[in-house]
Amino acid sequence: MNLLRRHSVLPLLVFAALAAAASCRRAPAPQVPPGVQVMVVERRPATLFADFVGQVSAFKEVELRSKVSGIVEKRLFKDGDVVKEGQLLYVIDQRPYVAALDDAKAQLAQAEANLLKPDQDVERYAPLVAENAVPKQTLDNATSQQSVAKGQVEARRASLRQAQLNLEDCTIESPLTGQIGLHQVDEGALVTSGSTLLATLSVNDPVYAYFSISEQEYLALVDHLLKSERKDGVAGTGPLDAATRIEAPGAQLLLSNDQVYGEKGQVDFLDRAVSPTTGTLTARAVFPNPRTVLKPGMYVKVRLVDTSETEAVLVPQKAVQETLGHYALAVVGAGDVVELRPVKLGARQGSNWLVKSGVNPGERIVVEGLLKARQGAVVKPTLVAAAQAPDDGSSSAPAHGSGK
């Protein structure tokens with residue numbers, strides 16, 4: 001019985017051994033190339049621009065502080081009011097200054113009275129000295145006393161003028177027409193001359209946007225202006241005032257919610273020198289703000305429109321690989337083999353990079369699946385539509401900057 005079982009199992013073992021040997025000799029299944037998405041590089045018209053982080057500042061801003069010390073009697077505005085130049089805002093307790101003015105008047109009257117006798121002595125002694133009736137020393141003493149008395153009168157008059165100014169300064173008026181902010185002191189509070197902040201007043205139409213540009217960006221701007229001069233046939237002999245050449249619509253404003261502000265601006269100031277610590281140049285653009293959408297302190301992006309190119313090569317930022325400051329694109333060549341090719345980039349254009357050199361129109365670059373696109377790897381490319389042109393602000397929903 002056991003012999004029969006061994007004879008029945010033996011063929012099964014032989015079959016299993018033969019199957020295992022056959023599987024070992026079988027060739028491994030071919031690997032499927034990883035799939036990536038590619039786009040075809042092409043030249044197309046584009047408006048080139050540069051974005052700079054900036055901050056909005058009021059056109060004019062004044063911190064209201066009292067010129068005199070005292071108790072605040074009245075506050076004559078509401079927080080956030082638009083006030084007119086000369087409008088009364090605060091009243092400081094005037095009683096001490098009224099008393100000081102009365103005292104100054106009294107002291108001036110006393111000084112003028114003290115001048116009467118020296119005047120009379122000089123008037124009386126002058127003819128007597130001419131007749132040698134009194135010593136000249138007597139006239140000299142009288143003249144000296146007269147000068148001292150006159151000086152005291154002038155000093156008392158100056159004190160009177162100061163007392164009058166102090167009394168006038170008890171009423172604080174708006175130095176300009178603009179919007180006033182949150183009040184900092186209430187009625188009954190003690191304010192110190194020149195120290196206590198009462199409120200802040202600003203003119204917010206137009207507004208400034210301050211930003212910094214690097215030395216390289218400044219030189220690129222100068223190069224652009226020189227090209228414009230040659231194109232216009234203008235002989236450049238005097239100082240190159242870059243600020244006056246960037247005119248609307250050369251400056252745009254992007255708000256923190258990525259909306260494009262509805263009013264065009266103009267760069268009106270470039271600093272005289274590059275900062276030795278940061279290597280940047282302070283610049284300023286001015287923007288209309290008729291509806292006061294822009295508030296001082298807001299962080300924005302100032303967009304300077306550089307030029308319009310008819311044959312710009314733009315690639316998505318996500319397609320660019322950076323290693324230690326060097327940039328490359330994964331180019332899919334013949335046989336769908338990947339080549340990591342170094343490229344020279346220009347400025348960022350929205351979600352794209354401007355490519356100056358390194359790739360040619362008609363070549364395919366990887367835009368999705370970069371981790372699979374290693375040097376020399378074979379990939380399975382899927383063609384996608386070319387990246388859209390960068391957003392130059394014309395298609396974004398504008399923020400309301402005017403009442404039009």
# chains A, B, ... in the order shown; residues from 1 in each chain; ligands from 1

call {"tool": "residues_around", "arguments": {"residues": "segment 58-62 of chain A", "least_positions_apart": "4", "cutoff": "8 Å", "atoms": "only C-alpha atoms", "output": "ChimeraX atom specification"}}
result
/A:200-208,295-296

call {"tool": "atom_distance", "arguments": {"atom1": "atom CA of Val384 of chain A", "atom2": "atom CA of Ser357 of chain A"}}
result
22.4 Å

call {"tool": "select_by_dssp", "arguments": {"residues": "segment 243-372 of chain A", "states": "helix (DSSP H, G or I)", "output": "list of chain:residue names"}}
result
A:Ala243, A:Thr244, A:Arg245, A:Gln317, A:Lys318, A:Ala319, A:Ala334, A:Gly335, A:Asp336, A:Leu370, A:Leu371, A:Lys372

call {"tool": "residues_around", "arguments": {"residues": "Val343 of chain A", "least_positions_apart": "6", "cutoff": "10 Å", "atoms": "only C-alpha atoms", "output": "VMD selection string"}}
result
chain A and resid 320 to 321 326 to 329 355 to 359

call {"tool": "closest_residue", "arguments": {"among": "A:Ala163, A:Val332, A:Leu197, A:Leu48", "to": "Trp353 of chain A", "atoms": "only C-alpha atoms"}}
result
A:Leu48

call {"tool": "residues_around", "arguments": {"residues": "Tyr299 of chain A", "least_positions_apart": "2", "cutoff": "9 Å", "atoms": "only C-alpha atoms", "output": "MDAnalysis selection string"}}
result
chainID A and resid 53:56 209 255:256 296:297 301

call {"tool": "write_last_selection", "arguments": {"atoms": "all heavy atoms", "output": "PDB file, in the first residue's frame"}}
result
ATOM      1  N   VAL A  53       7.595  93.239  -4.343  1.00  0.00           N
ATOM      2  CA  VAL A  53       6.813  93.360  -3.113  1.00  0.00           C
ATOM      3  C   VAL A  53       6.946  94.790  -2.591  1.00  0.00           C
ATOM      4  O   VAL A  53       8.053  95.327  -2.480  1.00  0.00           O
ATOM      5  CB  VAL A  53       7.302  92.360  -2.048  1.00  0.00           C
ATOM      6  CG1 VAL A  53       6.543  92.556  -0.745  1.00  0.00           C
ATOM      7  CG2 VAL A  53       7.135  90.936  -2.552  1.00  0.00           C
ATOM      8  N   GLY A  54       5.813  95.401  -2.295  1.00  0.00           N
ATOM      9  CA  GLY A  54       5.818  96.783  -1.824  1.00  0.00           C
ATOM     10  C   GLY A  54       4.816  96.995  -0.711  1.00  0.00           C
ATOM     11  O   GLY A  54       4.087  96.077  -0.312  1.00  0.00           O
ATOM     12  N   GLN A  55       4.776  98.218  -0.223  1.00  0.00           N
ATOM     13  CA  GLN A  55       3.848  98.586   0.844  1.00  0.00           C
ATOM     14  C   GLN A  55       3.264  99.952   0.550  1.00  0.00           C
ATOM     15  O   GLN A  55       3.972 100.873   0.128  1.00  0.00           O
ATOM     16  CB  GLN A  55       4.564  98.578   2.198  1.00  0.00           C
ATOM     17  CG  GLN A  55       3.616  98.721   3.386  1.00  0.00           C
ATOM     18  CD  GLN A  55       4.329  98.494   4.709  1.00  0.00           C
ATOM     19  OE1 GLN A  55       5.538  98.624   4.811  1.00  0.00           O
ATOM     20  NE2 GLN A  55       3.566  98.176   5.741  1.00  0.00           N
ATOM     21  N   VAL A  56       1.970 100.065   0.794  1.00  0.00           N
ATOM     22  CA  VAL A  56       1.254 101.307   0.529  1.00  0.00           C
ATOM     23  C   VAL A  56       1.550 102.301   1.647  1.00  0.00           C
ATOM     24  O   VAL A  56       1.598 101.957   2.834  1.00  0.00           O
ATOM     25  CB  VAL A  56      -0.258 101.053   0.421  1.00  0.00           C
ATOM     26  CG1 VAL A  56      -1.021 102.360   0.253  1.00  0.00           C
ATOM     27  CG2 VAL A  56      -0.545 100.111  -0.747  1.00  0.00           C
ATOM     28  N   ALA A 209       3.289 103.658  -3.253  1.00  0.00           N
ATOM     29  CA  ALA A 209       3.682 102.269  -3.022  1.00  0.00           C
ATOM     30  C   ALA A 209       5.202 102.212  -3.109  1.00  0.00           C
ATOM     31  O   ALA A 209       5.775 102.463  -4.171  1.00  0.00           O
ATOM     32  CB  ALA A 209       3.050 101.333  -4.045  1.00  0.00           C
ATOM     33  N   LEU A 255      -3.141  93.336  -5.445  1.00  0.00           N
ATOM     34  CA  LEU A 255      -3.501  93.296  -4.038  1.00  0.00           C
ATOM     35  C   LEU A 255      -3.190  91.916  -3.462  1.00  0.00           C
ATOM     36  O   LEU A 255      -2.852  90.973  -4.177  1.00  0.00           O
ATOM     37  CB  LEU A 255      -4.979  93.647  -3.873  1.00  0.00           C
ATOM     38  CG  LEU A 255      -5.415  94.972  -4.519  1.00  0.00           C
ATOM     39  CD1 LEU A 255      -6.894  95.221  -4.267  1.00  0.00           C
ATOM     40  CD2 LEU A 255      -4.587  96.134  -3.996  1.00  0.00           C
ATOM     41  N   SER A 256      -3.320  91.792  -2.143  1.00  0.00           N
ATOM     42  CA  SER A 256      -2.971  90.539  -1.474  1.00  0.00           C
ATOM     43  C   SER A 256      -3.900  89.391  -1.850  1.00  0.00           C
ATOM     44  O   SER A 256      -3.553  88.229  -1.651  1.00  0.00           O
ATOM     45  CB  SER A 256      -2.979  90.740   0.046  1.00  0.00           C
ATOM     46  OG  SER A 256      -4.260  91.186   0.481  1.00  0.00           O
ATOM     47  N   PRO A 296      -2.997 102.883   3.867  1.00  0.00           N
ATOM     48  CA  PRO A 296      -1.585 102.858   4.259  1.00  0.00           C
ATOM     49  C   PRO A 296      -1.265 101.609   5.071  1.00  0.00           C
ATOM     50  O   PRO A 296      -2.035 101.193   5.928  1.00  0.00           O
ATOM     51  CB  PRO A 296      -1.432 104.131   5.092  1.00  0.00           C
ATOM     52  CG  PRO A 296      -2.513 105.046   4.596  1.00  0.00           C
ATOM     53  CD  PRO A 296      -3.665 104.151   4.241  1.00  0.00           C
ATOM     54  N   GLY A 297      -0.115 101.005   4.766  1.00  0.00           N
ATOM     55  CA  GLY A 297       0.313  99.809   5.462  1.00  0.00           C
ATOM     56  C   GLY A 297       0.008  98.526   4.730  1.00  0.00           C
ATOM     57  O   GLY A 297       0.538  97.466   5.095  1.00  0.00           O
ATOM     58  N   LYS A 301       1.894  94.034  -4.510  1.00  0.00           N
ATOM     59  CA  LYS A 301       2.930  93.789  -5.503  1.00  0.00           C
ATOM     60  C   LYS A 301       2.848  94.891  -6.548  1.00  0.00           C
ATOM     61  O   LYS A 301       1.775  95.153  -7.100  1.00  0.00           O
ATOM     62  CB  LYS A 301       2.758  92.426  -6.170  1.00  0.00           C
ATOM     63  CG  LYS A 301       3.132  91.248  -5.294  1.00  0.00           C
ATOM     64  CD  LYS A 301       3.005  89.941  -6.067  1.00  0.00           C
ATOM     65  CE  LYS A 301       3.377  88.750  -5.201  1.00  0.00           C
ATOM     66  NZ  LYS A 301       3.225  87.465  -5.937  1.00  0.00           N
TER      67      LYS A 301
END

call {"tool": "residues_around", "arguments": {"residues": "Glu311 of chain A", "least_positions_apart": "3", "cutoff": "10 Å", "atoms": "only C-alpha atoms", "output": "PyMOL selection string"}}
result
chain A and resi 42-46+308+314

call {"tool": "write_last_selection", "arguments": {"atoms": "C-alpha atoms", "output": "PDB file, in the first residue's frame"}}
result
ATOM      1  CA  GLU A  42       6.869  77.461 -28.872  1.00  0.00           C
ATOM      2  CA  ARG A  43       7.362  81.158 -29.340  1.00  0.00           C
ATOM      3  CA  ARG A  44       4.384  83.400 -28.809  1.00  0.00           C
ATOM      4  CA  PRO A  45       3.611  87.076 -28.139  1.00  0.00           C
ATOM      5  CA  ALA A  46       3.774  88.080 -24.491  1.00  0.00           C
ATOM      6  CA  SER A 308       6.055  93.421 -25.384  1.00  0.00           C
ATOM      7  CA  LEU A 314       7.677  80.797 -21.747  1.00  0.00           C
TER       8      LEU A 314
END

call {"tool": "select_by_dssp", "arguments": {"residues": "segment 9-235 of chain A", "states": "strand (DSSP E or B)", "output": "PyMOL selection string"}}
result
chain A and resi 35-40+43-65+70-75+82-83+88-92+171-173+178-180+190-191+197-214

call {"tool": "closest_atom_pairs", "arguments": {"of": "segment 76-155 of chain A", "to": "segment 168-182 of chain A", "cutoff": "7 Å", "atoms": "only C-alpha atoms", "output": "CSV"}}
result
residue,atom,partner,partner_atom,distance
A:Asp79,CA,A:Leu182,CA,5.0
A:Gly80,CA,A:Gly181,CA,5.1
A:Asp81,CA,A:Ile180,CA,5.7
A:Val82,CA,A:Gln179,CA,4.3
A:Val83,CA,A:Thr177,CA,5.6
A:Lys84,CA,A:Thr177,CA,4.3
A:Glu85,CA,A:Leu176,CA,4.1
A:Gly86,CA,A:Ser174,CA,5.0
A:Gln87,CA,A:Glu173,CA,5.2
A:Leu88,CA,A:Glu173,CA,4.4
A:Leu89,CA,A:Glu173,CA,5.4
A:Tyr90,CA,A:Ile172,CA,5.1
A:Val91,CA,A:Thr171,CA,4.6
A:Ile92,CA,A:Cys170,CA,4.7
A:Asp93,CA,A:Cys170,CA,6.8
A:Gln94,CA,A:Cys170,CA,6.1

call {"tool": "residues_around", "arguments": {"residues": "segment 269-281 of chain A", "least_positions_apart": "4", "cutoff": "6 Å", "atoms": "only C-alpha atoms", "output": "JSON, numbers by chain"}}
result
{"A": [212, 213, 214, 215, 243]}

call {"tool": "closest_residue", "arguments": {"among": "A:Val191, A:Leu294, A:Val302, A:Leu221", "to": "Gln252 of chain A", "atoms": "only C-alpha atoms"}}
result
A:Val302

call {"tool": "residues_around", "arguments": {"residues": "Thr143 of chain A", "least_positions_apart": "3", "cutoff": "6 Å", "atoms": "only C-alpha atoms", "output": "ChimeraX atom specification"}}
result
/A:122,140,146

call {"tool": "write_last_selection", "arguments": {"atoms": "N, CA and C atoms", "output": "compact mmCIF listing (two decimals), in the first residue's frame"}}
result
# COMPACT_ATOMS: atom_id res chain seq x y z
N VAL A 122 17.90 160.92 29.77
CA VAL A 122 18.71 161.14 28.58
C VAL A 122 18.27 162.42 27.88
N ASP A 140 26.23 159.35 30.20
CA ASP A 140 26.54 157.98 29.85
C ASP A 140 25.78 156.99 30.74
N GLN A 146 18.93 153.52 30.07
CA GLN A 146 17.89 153.53 29.03
C GLN A 146 17.96 152.27 28.17

call {"tool": "closest_residue", "arguments": {"among": "A:Ala158, A:Met298, A:Val313, A:Val337", "to": "Val36 of chain A", "atoms": "only C-alpha atoms"}}
result
A:Val337

call {"tool": "closest_residue", "arguments": {"among": "A:Phe49, A:Asp223, A:Phe77, A:Ser147", "to": "Gly346 of chain A", "atoms": "only C-alpha atoms"}}
result
A:Phe49

call {"tool": "closest_residue", "arguments": {"among": "A:Thr138, A:Ser66, A:Ser57, A:Asn257", "to": "Thr196 of chain A", "atoms": "only C-alpha atoms"}}
result
A:Ser66
